[in-house]
file my_file-v2.tsv (TSV, C-alpha atoms)
chain	number	residue	atom	x	y	z
L	1	MET	CA	7.89	-9.53	15.12
L	2	GLY	CA	10.34	-9.04	17.97
L	3	LEU	CA	9.36	-9.32	21.60
L	4	LEU	CA	9.54	-5.58	22.17
L	5	ALA	CA	7.36	-4.81	19.16
L	6	PHE	CA	4.84	-7.35	20.39
L	7	PHE	CA	4.29	-5.46	23.60
L	8	ARG	CA	4.50	-2.04	22.02
L	9	ARG	CA	1.60	-2.58	19.56
L	10	THR	CA	0.46	0.47	17.68
L	11	PRO	CA	-3.29	0.78	17.27
L	12	ALA	CA	-4.55	-0.53	13.91
L	13	THR	CA	-4.80	2.67	11.90
L	14	ALA	CA	-5.62	0.83	8.66
L	15	SER	CA	-9.20	0.25	9.77
L	16	VAL	CA	-9.55	3.96	10.56
L	17	ALA	CA	-8.29	4.80	7.06
L	18	LYS	CA	-10.72	2.38	5.48
L	19	GLU	CA	-13.71	3.73	7.39
L	20	ARG	CA	-12.86	7.37	6.58
L	21	LEU	CA	-12.43	6.51	2.90
L	22	ARG	CA	-15.66	4.54	2.78
L	23	ILE	CA	-17.58	7.62	3.92
L	24	ILE	CA	-15.84	10.29	1.84
L	25	VAL	CA	-15.83	8.18	-1.33
L	26	ALA	CA	-19.55	7.43	-0.98
L	27	GLN	CA	-20.24	11.13	-0.43
L	28	GLU	CA	-18.16	12.22	-3.42
L	29	ARG	CA	-19.71	9.60	-5.66
L	30	SER	CA	-23.22	10.72	-4.82
L	31	ALA	CA	-22.30	14.30	-5.73
L	32	ARG	CA	-20.65	13.18	-8.97
L	33	GLY	CA	-23.74	12.37	-11.02
L	34	GLY	CA	-25.41	15.66	-10.13
L	35	PRO	CA	-25.21	19.01	-11.89
L	36	ASP	CA	-21.98	20.97	-11.64
L	37	TYR	CA	-23.59	23.80	-9.71
L	38	LEU	CA	-24.32	21.69	-6.61
L	39	PRO	CA	-21.05	22.36	-4.76
L	40	LEU	CA	-21.32	26.09	-5.46
L	41	LEU	CA	-24.99	26.11	-4.46
L	42	ARG	CA	-24.07	24.35	-1.25
L	43	ARG	CA	-21.34	26.87	-0.52
L	44	GLU	CA	-23.52	29.89	-1.20
L	45	LEU	CA	-26.36	28.50	0.89
L	46	PHE	CA	-23.86	27.94	3.66
L	47	GLU	CA	-22.75	31.56	3.51
L	48	VAL	CA	-26.34	32.85	3.57
L	49	ILE	CA	-27.29	30.63	6.49
L	50	ARG	CA	-24.15	31.65	8.33
L	51	LYS	CA	-25.36	35.24	8.29
L	52	TYR	CA	-28.14	34.24	10.65
L	53	VAL	CA	-27.08	31.09	12.41
L	54	ASN	CA	-23.63	29.82	13.17
L	55	VAL	CA	-23.65	26.32	11.71
L	56	ASP	CA	-20.93	23.87	10.70
L	57	PRO	CA	-20.34	23.20	7.00
L	58	ASP	CA	-21.33	19.57	7.46
L	59	ALA	CA	-24.62	20.58	9.05
L	60	ILE	CA	-25.87	21.49	5.59
L	61	GLN	CA	-26.90	18.66	3.29
L	62	VAL	CA	-27.82	19.39	-0.31
L	63	ASN	CA	-29.04	16.35	-2.17
L	64	LEU	CA	-30.50	15.96	-5.60
L	65	GLU	CA	-32.68	12.91	-5.87
L	66	ARG	CA	-34.48	11.50	-8.82
L	67	GLU	CA	-37.77	9.84	-8.14
L	68	GLU	CA	-40.52	8.85	-10.56
L	69	GLY	CA	-39.38	11.07	-13.37
L	70	GLN	CA	-38.93	14.20	-11.30
L	71	GLU	CA	-35.93	15.65	-9.57
L	72	VAL	CA	-36.14	16.77	-5.98
L	73	LEU	CA	-33.60	19.13	-4.50
L	74	GLU	CA	-33.49	18.40	-0.83
L	75	LEU	CA	-31.94	20.87	1.57
L	76	SER	CA	-31.44	19.95	5.17
L	77	VAL	CA	-29.86	22.19	7.78
L	78	THR	CA	-29.17	20.98	11.27
L	79	LEU	CA	-29.34	23.97	13.57
L	80	PRO	CA	-27.11	24.05	16.61
L	81	GLU	CA	-28.74	23.36	19.93
L	82	LYS	CA	-29.83	26.46	21.79
L	83	LYS	CA	-27.52	27.23	24.60
L	84	THR	CA	-29.31	28.13	27.83
L	85	ALA	CA	-27.91	31.41	28.93
Y	1	MET	CA	-6.51	-4.12	-33.57
Y	2	THR	CA	-4.70	-1.61	-31.40
Y	3	GLU	CA	-5.54	-1.35	-27.74
Y	4	ILE	CA	-4.96	1.94	-25.94
Y	5	ILE	CA	-4.18	1.64	-22.24
Y	6	VAL	CA	-3.88	4.67	-19.97
Y	7	VAL	CA	-1.79	4.40	-16.80
Y	8	THR	CA	-3.23	6.95	-14.43
Y	9	SER	CA	-3.74	7.72	-10.73
Y	10	GLY	CA	-4.67	11.28	-9.89
Y	11	LYS	CA	-2.05	11.54	-7.18
Y	12	GLY	CA	1.62	11.98	-8.07
Y	13	GLY	CA	4.49	9.77	-7.03
Y	14	VAL	CA	2.53	6.53	-6.77
Y	15	GLY	CA	4.37	4.74	-9.58
Y	16	LYS	CA	2.65	5.58	-12.87
Y	17	THR	CA	5.84	5.92	-14.89
Y	18	THR	CA	7.44	2.85	-13.29
Y	19	THR	CA	4.28	0.94	-14.12
Y	20	SER	CA	4.02	2.27	-17.69
Y	21	ALA	CA	7.64	1.33	-18.38
Y	22	SER	CA	7.30	-2.15	-16.89
Y	23	ILE	CA	3.97	-3.04	-18.47
Y	24	ALA	CA	5.12	-1.76	-21.87
Y	25	SER	CA	8.34	-3.80	-21.58
Y	26	GLY	CA	6.43	-6.87	-20.38
Y	27	LEU	CA	4.00	-6.74	-23.29
Y	28	ALA	CA	6.79	-6.16	-25.81
Y	29	ARG	CA	8.82	-9.07	-24.43
Y	30	ARG	CA	5.87	-11.29	-25.22
Y	31	GLY	CA	6.13	-10.29	-28.84
Y	32	LYS	CA	3.58	-7.47	-28.92
Y	33	LYS	CA	4.41	-4.28	-30.76
Y	34	VAL	CA	4.19	-1.60	-28.11
Y	35	ALA	CA	4.51	2.19	-27.96
Y	36	VAL	CA	4.67	3.98	-24.63
Y	37	ILE	CA	3.90	7.70	-24.64
Y	38	ASP	CA	4.79	10.24	-21.96
Y	39	PHE	CA	1.86	12.69	-21.58
Y	40	ASP	CA	3.55	14.72	-18.85
Y	41	ILE	CA	4.28	17.76	-20.98
Y	42	GLY	CA	6.86	19.99	-19.37
Y	43	LEU	CA	8.11	17.31	-16.99
Y	44	ARG	CA	9.56	14.58	-19.16
Y	45	ASN	CA	10.50	11.50	-17.12
Y	46	LEU	CA	9.56	8.29	-18.90
Y	47	ASP	CA	12.73	8.56	-21.00
Y	48	LEU	CA	14.85	8.38	-17.83
Y	49	ILE	CA	13.00	5.37	-16.45
Y	50	MET	CA	13.33	3.67	-19.85
Y	51	GLY	CA	17.01	4.65	-20.03
Y	52	CYS	CA	16.76	6.41	-23.38
Y	53	GLU	CA	17.07	10.04	-22.24
Y	54	ARG	CA	20.11	10.76	-24.38
Y	55	ARG	CA	18.44	9.54	-27.52
Y	56	VAL	CA	15.51	11.97	-27.46
Y	57	VAL	CA	15.72	14.18	-30.52
Y	58	TYR	CA	12.08	14.83	-31.30
Y	59	ASP	CA	9.14	14.52	-28.93
Y	60	PHE	CA	5.37	14.12	-28.79
Y	61	VAL	CA	4.69	17.85	-29.27
Y	62	ASN	CA	7.09	18.05	-32.23
Y	63	VAL	CA	5.03	15.36	-33.92
Y	64	ILE	CA	1.71	17.04	-33.12
Y	65	GLN	CA	2.97	20.37	-34.42
Y	66	GLY	CA	4.36	18.80	-37.58
Y	67	GLU	CA	8.00	19.59	-36.78
Y	68	SER	CA	8.95	15.95	-37.11
Y	69	THR	CA	7.41	12.74	-38.36
Y	70	LEU	CA	6.17	10.11	-35.94
Y	71	LYS	CA	8.86	7.77	-37.23
Y	72	GLN	CA	11.60	10.29	-36.36
Y	73	ALA	CA	10.27	10.80	-32.85
Y	74	LEU	CA	9.71	7.16	-31.87
Y	75	ILE	CA	12.73	5.89	-29.93
Y	76	LYS	CA	13.38	2.22	-30.48
Y	77	ASP	CA	14.26	0.39	-27.29
Y	78	LYS	CA	17.73	-1.16	-27.26
Y	79	ARG	CA	16.77	-4.21	-25.21
Y	80	ILE	CA	13.42	-5.25	-26.61
Y	81	GLU	CA	12.81	-5.51	-30.33
Y	82	SER	CA	9.19	-4.37	-30.58
Y	83	LEU	CA	9.20	-1.57	-28.00
Y	84	TYR	CA	9.12	2.16	-28.79
Y	85	VAL	CA	9.10	5.27	-26.60
Y	86	LEU	CA	7.60	8.65	-27.44
Y	87	ALA	CA	9.04	11.25	-25.07
Y	88	ALA	CA	7.16	14.19	-23.59
Y	89	SER	CA	8.10	17.67	-24.65
Y	90	GLN	CA	9.78	20.00	-22.19
Y	91	THR	CA	7.90	23.02	-23.44
Y	92	ARG	CA	6.13	25.11	-20.86
Y	93	ASP	CA	3.23	25.70	-23.21
Y	94	LYS	CA	0.30	23.89	-21.60
Y	95	ASP	CA	-1.70	24.04	-24.82
Y	96	ALA	CA	0.91	22.22	-26.89
Y	97	LEU	CA	-1.19	19.05	-26.69
Y	98	THR	CA	-4.48	19.14	-28.53
Y	99	GLN	CA	-7.17	16.51	-28.67
Y	100	GLU	CA	-6.99	16.47	-32.45
Y	101	GLY	CA	-3.20	16.15	-32.41
Y	102	VAL	CA	-3.29	13.29	-29.92
Y	103	ARG	CA	-5.95	11.52	-31.97
Y	104	ARG	CA	-3.79	11.81	-35.10
Y	105	VAL	CA	-0.72	10.33	-33.41
Y	106	LEU	CA	-2.75	7.44	-31.95
Y	107	ASP	CA	-4.37	6.78	-35.33
Y	108	ASP	CA	-0.97	6.77	-37.03
Y	109	LEU	CA	0.38	4.28	-34.47
Y	110	SER	CA	-2.66	2.04	-35.07
Y	111	ALA	CA	-2.12	2.21	-38.81
Y	112	ASP	CA	1.52	1.32	-38.19
Y	113	GLY	CA	0.47	-2.02	-36.68
Y	114	PHE	CA	1.07	-1.36	-32.99
Y	115	ASP	CA	-0.73	-3.86	-30.75
Y	116	TYR	CA	-0.64	-1.72	-27.62
Y	117	ILE	CA	-0.25	1.97	-26.92
Y	118	LEU	CA	0.46	2.86	-23.29
Y	119	CYS	CA	-0.33	6.40	-22.26
Y	120	ASP	CA	1.65	7.44	-19.18
Y	121	SER	CA	-0.56	10.09	-17.59
Y	122	PRO	CA	0.72	13.07	-15.61
Y	123	ALA	CA	-0.55	13.49	-12.04
Y	124	GLY	CA	-3.58	15.66	-11.45
Y	125	ILE	CA	-6.76	16.06	-13.45
Y	126	GLU	CA	-5.64	18.83	-15.79
Y	127	LYS	CA	-5.34	18.77	-19.56
Y	128	GLY	CA	-2.46	16.29	-19.85
Y	129	ALA	CA	-4.23	13.75	-17.63
Y	130	HIS	CA	-7.47	14.34	-19.49
Y	131	LEU	CA	-5.89	13.76	-22.90
Y	132	ALA	CA	-3.95	10.71	-21.69
Y	133	MET	CA	-7.22	9.00	-20.75
Y	134	TYR	CA	-9.48	10.43	-23.46
Y	135	PHE	CA	-8.96	7.79	-26.15
Y	136	ALA	CA	-8.31	4.84	-23.81
Y	137	ASP	CA	-9.90	1.43	-24.15
Y	138	ARG	CA	-8.58	0.35	-20.78
Y	139	ALA	CA	-7.18	2.04	-17.72
Y	140	VAL	CA	-4.64	0.85	-15.20
Y	141	VAL	CA	-5.30	2.92	-12.08
Y	142	VAL	CA	-2.18	2.94	-9.92
Y	143	VAL	CA	-2.90	3.24	-6.20
Y	144	ASN	CA	-0.87	3.26	-3.01
Y	145	PRO	CA	-2.69	1.79	0.00
Y	146	GLU	CA	-2.94	5.24	1.54
Y	147	VAL	CA	-5.92	7.58	2.01
Y	148	SER	CA	-5.11	10.42	-0.38
Y	149	SER	CA	-4.08	8.08	-3.19
Y	150	VAL	CA	-7.26	6.01	-2.87
Y	151	ARG	CA	-9.49	9.07	-2.82
Y	152	ASP	CA	-7.76	10.59	-5.87
Y	153	SER	CA	-8.11	7.30	-7.71
Y	154	ASP	CA	-11.82	7.31	-7.11
Y	155	ARG	CA	-11.93	10.78	-8.63
Y	156	ILE	CA	-10.08	9.43	-11.67
Y	157	LEU	CA	-12.59	6.56	-11.94
Y	158	GLY	CA	-15.32	9.18	-12.10
Y	159	LEU	CA	-13.53	10.96	-14.95
Y	160	LEU	CA	-12.94	7.69	-16.82
Y	161	ALA	CA	-16.68	7.10	-16.68
Y	162	SER	CA	-17.62	10.56	-17.95
Y	163	LYS	CA	-14.81	12.44	-19.69
Y	164	THR	CA	-13.53	9.91	-22.20
Y	165	SER	CA	-14.32	9.34	-25.83
Y	166	ARG	CA	-16.00	6.04	-24.95
Y	167	ALA	CA	-18.19	7.74	-22.35
Y	168	GLU	CA	-19.11	10.63	-24.64
Y	169	LYS	CA	-19.99	8.35	-27.54
Y	170	ASP	CA	-21.98	5.99	-25.32
Y	171	GLU	CA	-19.73	3.12	-26.30
Y	172	SER	CA	-18.88	0.33	-23.88
Y	173	LYS	CA	-17.09	1.90	-20.93
Y	174	VAL	CA	-13.33	2.08	-20.42
Y	175	LYS	CA	-12.24	-1.16	-18.74
Y	176	GLU	CA	-10.75	-0.30	-15.36
Y	177	HIS	CA	-8.01	-2.22	-13.59
Y	178	LEU	CA	-6.57	-1.53	-10.16
Y	179	LEU	CA	-2.84	-1.84	-9.59
Y	180	LEU	CA	-1.58	-1.47	-6.03
Y	181	THR	CA	2.02	-0.39	-5.60
Y	182	ARG	CA	4.33	-0.01	-2.60
Y	183	TYR	CA	2.45	-2.78	-0.84
Y	184	SER	CA	3.96	-3.85	2.44
Y	185	PRO	CA	2.54	-7.21	3.61
Y	186	LYS	CA	4.26	-6.76	6.95
Y	187	ARG	CA	2.52	-3.47	7.64
Y	188	VAL	CA	-0.80	-4.86	6.42
Y	189	ALA	CA	-0.43	-7.76	8.86
Y	190	ALA	CA	0.30	-5.26	11.64
Y	191	GLY	CA	-2.85	-3.30	10.83
Y	192	GLU	CA	-0.83	-0.26	9.77
Y	193	MET	CA	-1.70	-0.38	6.09
Y	194	MET	CA	-4.93	-1.05	4.21
Y	195	SER	CA	-5.03	-4.45	2.54
Y	196	VAL	CA	-5.71	-5.23	-1.12
Y	197	ASP	CA	-9.22	-6.27	-0.14
Y	198	ASP	CA	-9.82	-3.00	1.71
Y	199	VAL	CA	-8.82	-0.89	-1.30
Y	200	LYS	CA	-10.70	-3.13	-3.70
Y	201	GLU	CA	-13.81	-2.86	-1.57
Y	202	ILE	CA	-13.66	0.94	-1.44
Y	203	LEU	CA	-13.01	1.46	-5.14
Y	204	GLY	CA	-15.05	-1.50	-6.39
Y	205	ILE	CA	-12.84	-2.46	-9.33
Y	206	GLU	CA	-10.94	-5.60	-10.16
Y	207	VAL	CA	-7.27	-5.89	-9.11
Y	208	ILE	CA	-4.77	-6.52	-11.88
Y	209	GLY	CA	-1.68	-6.56	-9.73
Y	210	VAL	CA	-0.10	-5.92	-6.37
Y	211	ILE	CA	3.48	-4.68	-6.45
Y	212	PRO	CA	5.42	-5.12	-3.21
Y	213	GLU	CA	7.39	-2.24	-1.71
Y	214	SER	CA	11.01	-2.84	-2.64
Y	215	PRO	CA	14.39	-1.11	-2.99
Y	216	ASP	CA	14.57	-2.74	-6.44
Y	217	VAL	CA	12.32	0.00	-7.85
Y	218	LEU	CA	14.77	2.78	-7.02
Y	219	ALA	CA	17.70	0.66	-8.17
Y	220	ALA	CA	15.97	0.14	-11.52
Y	221	SER	CA	15.22	3.83	-11.99
Y	222	ASN	CA	18.80	4.70	-11.04
Y	223	ALA	CA	19.99	2.40	-13.80
Y	224	GLY	CA	17.36	3.37	-16.38
Y	225	THR	CA	16.12	-0.19	-16.72
Y	226	PRO	CA	12.41	-0.94	-16.33
Y	227	VAL	CA	12.17	-2.89	-13.06
Y	228	ILE	CA	10.29	-5.74	-14.78
Y	229	LEU	CA	13.59	-6.65	-16.50
Y	230	ASN	CA	15.25	-7.43	-13.15
Y	231	ALA	CA	14.40	-11.13	-13.11
Y	232	GLU	CA	15.71	-11.53	-9.56
Y	233	SER	CA	13.12	-9.19	-8.11
Y	234	ASP	CA	9.66	-9.94	-6.71
Y	235	VAL	CA	8.63	-6.60	-8.21
Y	236	SER	CA	9.42	-7.99	-11.64
Y	237	ARG	CA	7.42	-11.16	-10.95
Y	238	ALA	CA	4.49	-9.10	-9.72
Y	239	TYR	CA	4.56	-6.93	-12.87
Y	240	GLU	CA	4.84	-10.03	-15.07
Y	241	ASP	CA	1.71	-11.38	-13.39
Y	242	ALA	CA	-0.07	-8.08	-14.05
Y	243	VAL	CA	0.92	-8.25	-17.73
Y	244	SER	CA	-0.43	-11.81	-17.93
Y	245	ARG	CA	-3.72	-10.67	-16.42
Y	246	LEU	CA	-3.89	-7.78	-18.89
Y	247	LEU	CA	-3.59	-10.40	-21.61
Y	248	GLY	CA	-6.52	-12.28	-20.14
Y	249	GLU	CA	-4.90	-14.93	-17.97
Y	250	THR	CA	-6.28	-15.72	-14.53
Y	251	LEU	CA	-3.57	-15.92	-11.89
Y	252	PRO	CA	-3.73	-15.80	-8.11
Y	253	LEU	CA	-2.21	-12.69	-6.49
Y	254	ARG	CA	1.28	-13.22	-5.09
Y	255	PHE	CA	3.48	-11.42	-2.55
Y	256	LEU	CA	0.57	-10.61	-0.24
Y	257	GLU	CA	2.36	-12.17	2.68
Y	258	GLU	CA	5.70	-11.39	4.20
Y	259	PRO	CA	8.34	-13.85	3.02
Y	260	LYS	CA	9.40	-16.21	5.78
Y	261	LYS	CA	12.90	-15.47	6.95
Y	262	GLY	CA	15.35	-18.32	7.02
Y	263	PHE	CA	17.49	-19.15	10.03
Y	264	PHE	CA	20.60	-17.44	8.69
Y	265	SER	CA	18.96	-14.23	7.52
Y	266	ARG	CA	17.31	-13.99	10.93
Y	267	LEU	CA	20.63	-14.50	12.59
Y	268	PHE	CA	22.49	-11.98	10.47
Y	269	GLY	CA	19.57	-9.61	9.89
Y	270	GLY	CA	18.79	-10.15	6.20
call {"tool": "encode", "arguments": {"input": "my_file-v2.tsv", "output": "structure tokens"}}
result
Amino acid sequence: MGLLAFFRRTPATASVAKERLRIIVAQERSARGGPDYLPLLRRELFEVIRKYVNVDPDAIQVNLEREEGQEVLELSVTLPEKKTA
Amino acid sequence: MTEIIVVTSGKGGVGKTTTSASIASGLARRGKKVAVIDFDIGLRNLDLIMGCERRVVYDFVNVIQGESTLKQALIKDKRIESLYVLAASQTRDKDALTQEGVRRVLDDLSADGFDYILCDSPAGIEKGAHLAMYFADRAVVVVNPEVSSVRDSDRILGLLASKTSRAEKDESKVKEHLLLTRYSPKRVAAGEMMSVDDVKEILGIEVIGVIPESPDVLAASNAGTPVILNAESDVSRAYEDAVSRLLGETLPLRFLEEPKKGFFSRLFGG
């Protein structure tokens, strides 16, 4: 590494890449085992909710969990904080 | 016993064809009888990398559709005795490949005494990619240390675990190997590129090889010689190591650190 390059260090973007991948890969893997309709269900729910409340796509979590022989579809919507007018 | 190995990645341009050509050549040079098949229907390229583009008379689709025999379509490599290439068709008909047709060709190659069949997958997750992996016993997943390539590879790992003959028949799963290409130790050291360990940790599969970034790859494709045959190149050594590991040897990974520059190359900018 030359002297100039030493002083002109770029921030370590590799660790950012790794962290982003860790999250998205985990998320995509958890969706993978589930039924094919989950992404569509999530999208349609999002559209319905959007009619009433303006939420971000990532504020809606749709998870299918298996516990003790039964499947539980868990829907969680984080509503935006009320703005004081 | 024939072993079917798919070389796949999801993302395009990461080095699937380069890898297929080099691994096939490496295996054949060690005395194995090897066929390498281009599954990229419509966009034939393996023939160019193997340097046999002017000898393609019949292709994979011709064989499947009964317009030629397998024997007529297999192109015998001019450098390595036991190496054969089956070129992709240039037809635009996406349905030219059928699962039944692919099965028949693979069965015929097995009956013909081939030790290894390498299936060079097209990019994407469409039909060609699906059929390339469907009958595989093992998979070499080619990855660049870059976000979109890693994510696509994880998608491919999901398909290998669910949409293959082994998965559907509940047989032992397709054995997955990770092959990193275009690896730049210098950039890894500078924190600009994810390391082998980073990628391995994210994808959770064993690493079969790390191929350093090198101008030798382009030079080899320009010449139509699989890069593994360039004995002077670190890329060749790295592919040879990967072939050894495929054959069950345990070797430490090489070329993970930047080569130390000598006094003269530093002086003259080598």
call {"tool": "residues_around", "arguments": {"input": "my_file-v2.tsv", "residues": "Pro39 (chain L)", "least_positions_apart": "5", "cutoff": "12 Å", "atoms": "all atoms listed in the file", "output": "PyMOL selection string"}}
result
chain L and resi 28+30-32+34+44-46+57+60-64
call {"tool": "closest_atom_pairs", "arguments": {"input": "my_file-v2.tsv", "of": "chain Y", "to": "chain L", "cutoff": "6 Å", "atoms": "all atoms listed in the file", "output": "CSV"}}
result
residue,atom,partner,partner_atom,distance
Y:Gly191,CA,L:Ala12,CA,4.5
Y:Glu192,CA,L:Ala14,CA,5.0
Y:Met193,CA,L:Ala14,CA,4.8
Y:Met194,CA,L:Ala14,CA,4.9
Y:Ile202,CA,L:Arg22,CA,5.9
call {"tool": "atom_distance", "arguments": {"input": "my_file-v2.tsv", "atom1": "CA of Val7 (chain Y)", "atom2": "CA of Pro122 (chain Y)"}}
result
9.1 Å
call {"tool": "residues_around", "arguments": {"input": "my_file-v2.tsv", "residues": "Glu258 (chain Y)", "least_positions_apart": "4", "cutoff": "8 Å", "atoms": "all atoms listed in the file", "output": "number ranges by chain"}}
result
Y: 184-186
call {"tool": "write_last_selection", "arguments": {"input": "my_file-v2.tsv", "atoms": "C-alpha atoms", "output": "PDB file, in the frame of the given file"}}
result
ATOM      1  CA  SER Y 184       3.960  -3.850   2.440  1.00  0.00           C
ATOM      2  CA  PRO Y 185       2.540  -7.210   3.610  1.00  0.00           C
ATOM      3  CA  LYS Y 186       4.260  -6.760   6.950  1.00  0.00           C
TER       4      LYS Y 186
END
call {"tool": "closest_residue", "arguments": {"input": "my_file-v2.tsv", "among": "Y:Glu168, Y:Asp47, Y:Asp154, Y:Asp241", "to": "Ile228 (chain Y)", "atoms": "only C-alpha atoms"}}
result
Y:Asp241
call {"tool": "atom_distance", "arguments": {"input": "my_file-v2.tsv", "atom1": "CA of Gly12 (chain Y)", "atom2": "CA of Gln65 (chain Y)"}}
result
27.7 Å
call {"tool": "atom_distance", "arguments": {"input": "my_file-v2.tsv", "atom1": "CA of Lys175 (chain Y)", "atom2": "CA of Val63 (chain Y)"}}
result
28.3 Å
call {"tool": "residues_around", "arguments": {"input": "my_file-v2.tsv", "residues": "Lys11 (chain Y)", "least_positions_apart": "2", "cutoff": "6 Å", "atoms": "only C-alpha atoms", "output": "PDB file with C-alpha atoms, in the coordinates of the input"}}
result
ATOM      1  CA  SER Y   9      -3.740   7.720 -10.730  1.00  0.00           C
ATOM      2  CA  ALA Y 123      -0.550  13.490 -12.040  1.00  0.00           C
ATOM      3  CA  SER Y 149      -4.080   8.080  -3.190  1.00  0.00           C
ATOM      4  CA  ASP Y 152      -7.760  10.590  -5.870  1.00  0.00           C
TER       5      ASP Y 152
END
call {"tool": "residues_around", "arguments": {"input": "my_file-v2.tsv", "residues": "region 101-109 of chain Y", "least_positions_apart": "4", "cutoff": "10 Å", "atoms": "only C-alpha atoms", "output": "list in words"}}
result
Thr2, Ile4, Val34, Ala35, Ile37, Phe39, Phe60, Val61, Val63, Ile64, Gln65, Gly66, Thr69, Leu70, Lys71, Ala96, Leu97, Gly113, Phe114, Asp115, Tyr116, Ile117, Leu131, Ala132, Tyr134 and Phe135 of chain Y
call {"tool": "residues_around", "arguments": {"input": "my_file-v2.tsv", "residues": "Arg55 (chain Y)", "least_positions_apart": "3", "cutoff": "12 Å", "atoms": "all atoms listed in the file", "output": "CSV table (one decimal) with C-alpha atoms, keeping the file's coordinate frame"}}
result
chain,number,residue,atom,x,y,z
Y,47,ASP,CA,12.7,8.6,-21.0
Y,48,LEU,CA,14.8,8.4,-17.8
Y,50,MET,CA,13.3,3.7,-19.8
Y,51,GLY,CA,17.0,4.6,-20.0
Y,52,CYS,CA,16.8,6.4,-23.4
Y,58,TYR,CA,12.1,14.8,-31.3
Y,59,ASP,CA,9.1,14.5,-28.9
Y,72,GLN,CA,11.6,10.3,-36.4
Y,73,ALA,CA,10.3,10.8,-32.8
Y,74,LEU,CA,9.7,7.2,-31.9
Y,75,ILE,CA,12.7,5.9,-29.9
Y,76,LYS,CA,13.4,2.2,-30.5
Y,77,ASP,CA,14.3,0.4,-27.3
Y,78,LYS,CA,17.7,-1.2,-27.3
Y,84,TYR,CA,9.1,2.2,-28.8
Y,85,VAL,CA,9.1,5.3,-26.6
Y,86,LEU,CA,7.6,8.6,-27.4
Y,87,ALA,CA,9.0,11.2,-25.1
call {"tool": "axis_aligned_box", "arguments": {"input": "my_file-v2.tsv", "around": "region 44-63 of chain L", "padding_each_side": "4 Å", "output": "lines of an AutoDock Vina configuration file"}}
result
center_x = -24.7
center_y = 25.8
center_z = 5.5
size_x = 16.7
size_y = 26.9
size_z = 23.3
call {"tool": "closest_residue", "arguments": {"input": "my_file-v2.tsv", "among": "Y:Glu3, Y:Asn144, Y:Leu251, Y:Tyr183", "to": "Ser110 (chain Y)", "atoms": "all atoms listed in the file"}}
result
Y:Glu3
